[in-house]
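**Q** Could you have a look at this structure, given as structure tokens, before my questions?
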Amino acid sequence: MTKTTDIVALDEWYAIAVMADVGGNPIRTRLLGQDIIYGRGPNDRVSVHEVDASGRPGAALPTRERYNCLWTSLGAPRHEIFRLAEAEEKDRRVVVCGWIKMRTSGLRLVENFLDMAHFPYIHPNILGAEPHTEVPQYASEIRRDVDEVWATNCQFYQPQIVANGPGGMVQLTYRVPSPFVVMLYRVCPSSPDRLDVIMMFIQPIEEDLCRALPVMYLIDDRSSQIDLLNFEQVIFLQDRIIVENQRPLLLPLEPRSETPTRADLSSVVFRRWLKEKGLRFGTAEGGRDLV
Amino acid sequence: MAKLTLYDYELDDQCYKVRLFLGALGCLYDKVAVDVHPGSEHRSARYLRLNPLGALPILTEADLTIYGAEAILTYLALKYDTARVWLPEKPETFGRIMQWLAFSGSILSAASIARAHALFEIEADETKVYRKARLAFRLMEDHMTKQQFDDTFWFIGNTATIVDIALFPNIALSRDFGVDHDEYPALRRWMAHVRGIPGFITMPGIPAYH
């Protein structure tokens with residue numbers, strides 16, 4: 001596939017690598033259909049370039065180092081990468097979970113992340129359990145001042161809120177700061193006045209192919225690194241098989257193409273937001289004709 | 001009795017073979033979680049001392065260290081299945097079990113590579129490993145079609161053996177790398193029986209529902 005012509009997608013920032021993996025050996029990857037190459041130069045400077053038709057490094061792309069990741073854009077971003085206040089707190093435990101590749105539109109992944117109704121069925125005895133299947137009413141909105149989607153007052157019964165932890169009603173707030181970044185704030189079970197943050201950065205490779213990286217900023221000085229990794233990765237792989245089997249692979253934005261229920265409010269708002277933005281990449285309306 | 005310890009990665013199909021069998025045997029064991037992705041801890045000096053091949057699963061018991069799923073299944077069967085149900089001694093049966101275990105450790109490993117490539121971006125010749133994995137599944141499908149003509153639900157003989165345990169994970173997880181089960185009806189019927197083994201456990205990618 002070739003570079004998308006979707007200006008809205010091109011002008012966003014995307015995480016493409018974990019900083020620890022950015023070294024002297026240039027690494028080639030693909031973003032929005034465009035091959036790119038990144039690495040660390042002799043003076044330790046990190047650079048990202050498009051790979052031109054002849055296979056050589058072409059235009060230099062803008063870079064940022066944020067949240068343990070290297071970010072770039074193929075266009076001209078109209079704003080900086082979103083800010084996460086919690087990332088500046090010194091006592092946070094940062095867990096970078098490792099990239100996982102998925103054969104689906106990155107937007108499907110965001111939507112799945114926002115969905116609580118699937119917890120008891122797809123993550124039984126972790127994020128949900130029958131018969132506690134009800135999604136209590138929550139609020140979801142497009143925040144015009146920051147141009148983000150937020151879902152607030154979200155509650156759900158979880159048998160295991162954190163790695164090795166007990167169950168209970170979890171209090172969640174969801175945030176979508178850009179079309180391919182999604183995160184949740186969770187009232188920290190061990191210190192209820194603070195919030196754990198779990199983010200997912202998505203690198204859209206092609207319309208129907210992406211890689212995703214969960215990055216967590218936690219208040220947790222007890223769990224081992226491997227337990228935290230396992231907890232998140234198991235959930236992620238349980239989701240992967242579901243998301244890869246959704247049809248169409250690309251996200252439909254047309255309101256009548258799927259029938260939402262009250263629990264799908266976040267999805268409805270997310271799709272409306274994307275439509276207003278005019279995003280086409282990875283959507284059923286603007287993307288290639290798939291499945 | 002000395003304690004069994006499994007060095008394990010939750011998302012690894014080879015480790016799942018061992019977890020599945022330990023579950024079926026009802027063996028108690030300790031699990032040491034290894035940070036395979038993204039940490040590559042299995043290739044660190046600590047684990048290379050246990051397995052110079054830098055791979056999981058690794059099983060230890062007292063002074064014994066044994067690695068590789070097929071070897072571990074064989075060891076556990078001989079040690080803990082005194083009734084010799086999972087690994088019968090009858091030469092004809094034993095020989096065929098070894099044949100399919102070798103199959104599991106050779107051509108079928110293409111399915112593990114294809115899956116690691118699809119999930120974790122492990123470098124691989126995609127066309128080649130996918131072709132090889134599909135060939136392995138086709139051979140399994142043909143075998144199980146014959147078995148089911150003979151009214152047996154299992155790979156060898158009339159009861160579950162360690163071959164059923166060794167072969168189940170790769171095909172059960174094939175959707176992780178985009179190979180659907182629709183084209184393998186005999187394997188689907190067989191997998192439903194494997195799911196019925198007392199002590200059966202799932203892993204991510206193998207939903208609890210059918």
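Here, A, B, ... name the chains of the structure tokens in the order displayed, residue numbers run from 1 inside each chain, and ligands are numbered from 1 in the same displayed order.
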Would you mind listing what lies within 9 Å of Leu25 in chain B as a list in words, with only C-alpha atoms counted and same-chain residues fewer than 4 positions away left out?
**A**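 That gives Leu20, Phe21, Leu76, Ala77, Tyr80, Asp81, Pro198 and Gly199 of chain B.
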**Q** Please identify every residue of chain B that has at least one atom no more than 10 Å from any atom of chain A, counting only C-alpha atoms, and report them as a ChimeraX atom specification.
**A** /B:9-11,32-39,116-121,173,175-178,203-209
**Q** Kindly save the residues from that selection, with N, CA and C atoms included, as a PDB file, in the first residue's frame.
**A**
ATOM      1  N   TYR B   9       5.806 -18.648  30.045  1.00  0.00           N
ATOM      2  CA  TYR B   9       5.306 -17.369  29.538  1.00  0.00           C
ATOM      3  C   TYR B   9       3.864 -17.598  29.113  1.00  0.00           C
ATOM      4  N   GLU B  10       2.985 -16.826  29.720  1.00  0.00           N
ATOM      5  CA  GLU B  10       1.541 -17.029  29.575  1.00  0.00           C
ATOM      6  C   GLU B  10       1.085 -17.087  28.114  1.00  0.00           C
ATOM      7  N   LEU B  11       1.730 -16.324  27.238  1.00  0.00           N
ATOM      8  CA  LEU B  11       1.254 -16.228  25.856  1.00  0.00           C
ATOM      9  C   LEU B  11       1.974 -17.193  24.914  1.00  0.00           C
ATOM     10  N   VAL B  32       7.088 -19.953  37.306  1.00  0.00           N
ATOM     11  CA  VAL B  32       7.916 -18.752  37.303  1.00  0.00           C
ATOM     12  C   VAL B  32       7.655 -18.036  35.983  1.00  0.00           C
ATOM     13  N   ALA B  33       7.064 -16.842  36.064  1.00  0.00           N
ATOM     14  CA  ALA B  33       6.735 -16.098  34.841  1.00  0.00           C
ATOM     15  C   ALA B  33       8.001 -15.448  34.289  1.00  0.00           C
ATOM     16  N   VAL B  34       8.265 -15.671  33.020  1.00  0.00           N
ATOM     17  CA  VAL B  34       9.447 -15.124  32.360  1.00  0.00           C
ATOM     18  C   VAL B  34       8.990 -14.026  31.396  1.00  0.00           C
ATOM     19  N   ASP B  35       9.687 -12.901  31.428  1.00  0.00           N
ATOM     20  CA  ASP B  35       9.325 -11.764  30.579  1.00  0.00           C
ATOM     21  C   ASP B  35       9.889 -11.978  29.173  1.00  0.00           C
ATOM     22  N   VAL B  36       9.166 -12.742  28.362  1.00  0.00           N
ATOM     23  CA  VAL B  36       9.620 -13.041  27.001  1.00  0.00           C
ATOM     24  C   VAL B  36       9.418 -11.821  26.095  1.00  0.00           C
ATOM     25  N   HIS B  37       8.219 -11.238  26.169  1.00  0.00           N
ATOM     26  CA  HIS B  37       7.914 -10.068  25.353  1.00  0.00           C
ATOM     27  C   HIS B  37       7.421  -8.952  26.258  1.00  0.00           C
ATOM     28  N   PRO B  38       8.049  -7.791  26.280  1.00  0.00           N
ATOM     29  CA  PRO B  38       9.147  -7.377  25.406  1.00  0.00           C
ATOM     30  C   PRO B  38      10.551  -7.641  25.963  1.00  0.00           C
ATOM     31  N   GLY B  39      10.676  -8.250  27.137  1.00  0.00           N
ATOM     32  CA  GLY B  39      11.966  -8.287  27.843  1.00  0.00           C
ATOM     33  C   GLY B  39      13.030  -9.237  27.307  1.00  0.00           C
ATOM     34  N   ALA B 116       4.211 -16.178  16.386  1.00  0.00           N
ATOM     35  CA  ALA B 116       5.112 -15.201  17.007  1.00  0.00           C
ATOM     36  C   ALA B 116       5.358 -14.031  16.060  1.00  0.00           C
ATOM     37  N   HIS B 117       5.384 -14.329  14.772  1.00  0.00           N
ATOM     38  CA  HIS B 117       5.557 -13.283  13.761  1.00  0.00           C
ATOM     39  C   HIS B 117       4.332 -12.364  13.729  1.00  0.00           C
ATOM     40  N   ALA B 118       3.151 -12.978  13.740  1.00  0.00           N
ATOM     41  CA  ALA B 118       1.909 -12.196  13.647  1.00  0.00           C
ATOM     42  C   ALA B 118       1.657 -11.367  14.904  1.00  0.00           C
ATOM     43  N   LEU B 119       2.055 -11.895  16.067  1.00  0.00           N
ATOM     44  CA  LEU B 119       1.781 -11.201  17.325  1.00  0.00           C
ATOM     45  C   LEU B 119       2.891 -10.239  17.714  1.00  0.00           C
ATOM     46  N   PHE B 120       4.107 -10.764  17.739  1.00  0.00           N
ATOM     47  CA  PHE B 120       5.226 -10.032  18.352  1.00  0.00           C
ATOM     48  C   PHE B 120       6.237  -9.530  17.328  1.00  0.00           C
ATOM     49  N   GLU B 121       5.912  -9.676  16.052  1.00  0.00           N
ATOM     50  CA  GLU B 121       6.779  -9.191  14.977  1.00  0.00           C
ATOM     51  C   GLU B 121       8.144  -9.866  14.986  1.00  0.00           C
ATOM     52  N   LEU B 173      -4.674 -22.201  18.353  1.00  0.00           N
ATOM     53  CA  LEU B 173      -4.267 -20.789  18.337  1.00  0.00           C
ATOM     54  C   LEU B 173      -4.050 -20.251  16.922  1.00  0.00           C
ATOM     55  N   ARG B 175      -5.881 -18.996  14.746  1.00  0.00           N
ATOM     56  CA  ARG B 175      -6.549 -17.740  14.385  1.00  0.00           C
ATOM     57  C   ARG B 175      -5.700 -16.533  14.775  1.00  0.00           C
ATOM     58  N   ASP B 176      -4.768 -16.740  15.714  1.00  0.00           N
ATOM     59  CA  ASP B 176      -3.838 -15.657  16.069  1.00  0.00           C
ATOM     60  C   ASP B 176      -3.012 -15.221  14.860  1.00  0.00           C
ATOM     61  N   PHE B 177      -2.821 -16.130  13.894  1.00  0.00           N
ATOM     62  CA  PHE B 177      -2.092 -15.710  12.688  1.00  0.00           C
ATOM     63  C   PHE B 177      -2.955 -15.875  11.446  1.00  0.00           C
ATOM     64  N   GLY B 178      -4.253 -15.747  11.646  1.00  0.00           N
ATOM     65  CA  GLY B 178      -5.164 -15.607  10.519  1.00  0.00           C
ATOM     66  C   GLY B 178      -5.556 -16.897   9.825  1.00  0.00           C
ATOM     67  N   MET B 203      -6.071 -20.661  27.223  1.00  0.00           N
ATOM     68  CA  MET B 203      -5.096 -19.568  27.318  1.00  0.00           C
ATOM     69  C   MET B 203      -5.618 -18.435  26.438  1.00  0.00           C
ATOM     70  N   PRO B 204      -5.064 -17.210  26.554  1.00  0.00           N
ATOM     71  CA  PRO B 204      -5.554 -16.128  25.706  1.00  0.00           C
ATOM     72  C   PRO B 204      -5.435 -16.531  24.231  1.00  0.00           C
ATOM     73  N   GLY B 205      -6.491 -16.309  23.465  1.00  0.00           N
ATOM     74  CA  GLY B 205      -6.512 -16.747  22.066  1.00  0.00           C
ATOM     75  C   GLY B 205      -7.327 -18.011  21.896  1.00  0.00           C
ATOM     76  N   ILE B 206      -7.589 -18.705  23.014  1.00  0.00           N
ATOM     77  CA  ILE B 206      -8.465 -19.880  23.005  1.00  0.00           C
ATOM     78  C   ILE B 206      -9.634 -19.560  23.928  1.00  0.00           C
ATOM     79  N   PRO B 207     -10.711 -19.056  23.347  1.00  0.00           N
ATOM     80  CA  PRO B 207     -11.829 -18.637  24.198  1.00  0.00           C
ATOM     81  C   PRO B 207     -12.421 -19.823  24.949  1.00  0.00           C
ATOM     82  N   ALA B 208     -13.007 -19.547  26.095  1.00  0.00           N
ATOM     83  CA  ALA B 208     -13.623 -20.604  26.906  1.00  0.00           C
ATOM     84  C   ALA B 208     -14.848 -21.169  26.203  1.00  0.00           C
ATOM     85  N   TYR B 209     -15.527 -20.293  25.417  1.00  0.00           N
ATOM     86  CA  TYR B 209     -16.673 -20.773  24.644  1.00  0.00           C
ATOM     87  C   TYR B 209     -16.157 -21.417  23.354  1.00  0.00           C
TER      88      TYR B 209
END
**Q** Could you please determine the separation between CA of Ala62 in chain B and CA of Lys3 in chain B in Å, to one decimal place?
**A**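 Atom-to-atom, CA of Ala62 in chain B to CA of Lys3 in chain B, that is 6.8 Å.
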**Q** Where in range 68-290 of chain A does DSSP assign strand (DSSP E or B), given as number ranges by chain?
**A** A: 69-72, 93-96, 100-102, 124, 128, 139-143, 148-158, 168-178, 181-187, 195-206, 209-218, 251, 283
**Q** Run DSSP on the backbone and grab whatever in range 141-271 of chain A lands in alpha helix (DSSP H); send it over as a PyMOL selection string.
**A** chain A and resi 225-243+265-271
**Q** Write out as a PyMOL selection string which residues come within 8 Å of Trp273 in chain A when counting only C-alpha atoms, dropping same-chain ones fewer than 3 positions away.
**A** chain A and resi 142+149+269-270+276-277
**Q** Print the selection's residues with all heavy atoms to a file, as a compact mmCIF listing (two decimals), in the first residue's frame.
**A**
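Output (part-v6.txt):
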# COMPACT_ATOMS: atom_id res chain seq x y z
N ILE A 142 -17.95 14.88 23.48
CA ILE A 142 -16.83 15.48 22.76
C ILE A 142 -16.51 16.78 23.50
O ILE A 142 -17.39 17.64 23.64
CB ILE A 142 -17.20 15.81 21.30
CG1 ILE A 142 -17.61 14.53 20.55
CG2 ILE A 142 -16.02 16.49 20.59
CD1 ILE A 142 -18.18 14.78 19.16
N VAL A 149 -12.39 13.10 23.13
CA VAL A 149 -13.58 12.39 23.59
C VAL A 149 -13.33 11.90 25.01
O VAL A 149 -12.26 11.34 25.30
CB VAL A 149 -13.91 11.20 22.66
CG1 VAL A 149 -15.00 10.31 23.28
CG2 VAL A 149 -14.36 11.69 21.29
N VAL A 269 -20.23 8.23 20.35
CA VAL A 269 -19.60 9.55 20.42
C VAL A 269 -18.25 9.54 19.69
O VAL A 269 -17.91 10.47 18.95
CB VAL A 269 -19.43 10.01 21.89
CG1 VAL A 269 -18.66 11.32 21.97
CG2 VAL A 269 -20.80 10.16 22.55
N PHE A 270 -17.49 8.47 19.87
CA PHE A 270 -16.18 8.34 19.20
C PHE A 270 -16.36 8.38 17.67
O PHE A 270 -15.67 9.12 16.97
CB PHE A 270 -15.51 7.03 19.63
CG PHE A 270 -14.23 6.71 18.92
CD1 PHE A 270 -13.15 7.59 18.95
CD2 PHE A 270 -14.08 5.50 18.24
CE1 PHE A 270 -11.95 7.28 18.30
CE2 PHE A 270 -12.90 5.18 17.59
CZ PHE A 270 -11.83 6.07 17.62
N GLU A 276 -16.91 13.99 12.25
CA GLU A 276 -16.79 15.44 12.24
C GLU A 276 -15.40 15.90 11.82
O GLU A 276 -15.24 16.88 11.11
CB GLU A 276 -17.07 16.00 13.64
CG GLU A 276 -18.53 16.07 13.99
CD GLU A 276 -18.74 16.69 15.38
OE1 GLU A 276 -17.84 17.43 15.86
OE2 GLU A 276 -19.79 16.42 15.96
N LYS A 277 -14.39 15.15 12.28
CA LYS A 277 -13.01 15.48 11.92
C LYS A 277 -12.76 15.26 10.43
O LYS A 277 -11.84 15.82 9.86
CB LYS A 277 -12.04 14.57 12.68
CG LYS A 277 -11.77 14.96 14.10
CD LYS A 277 -10.76 13.97 14.67
CE LYS A 277 -10.18 14.45 15.98
NZ LYS A 277 -9.53 15.77 15.88
**Q** What is the distance, in Å and to one decimal place, between CA of Arg131 in chain B and CA of Ala102 in chain B?
**A**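 It comes out at 18.9 Å.
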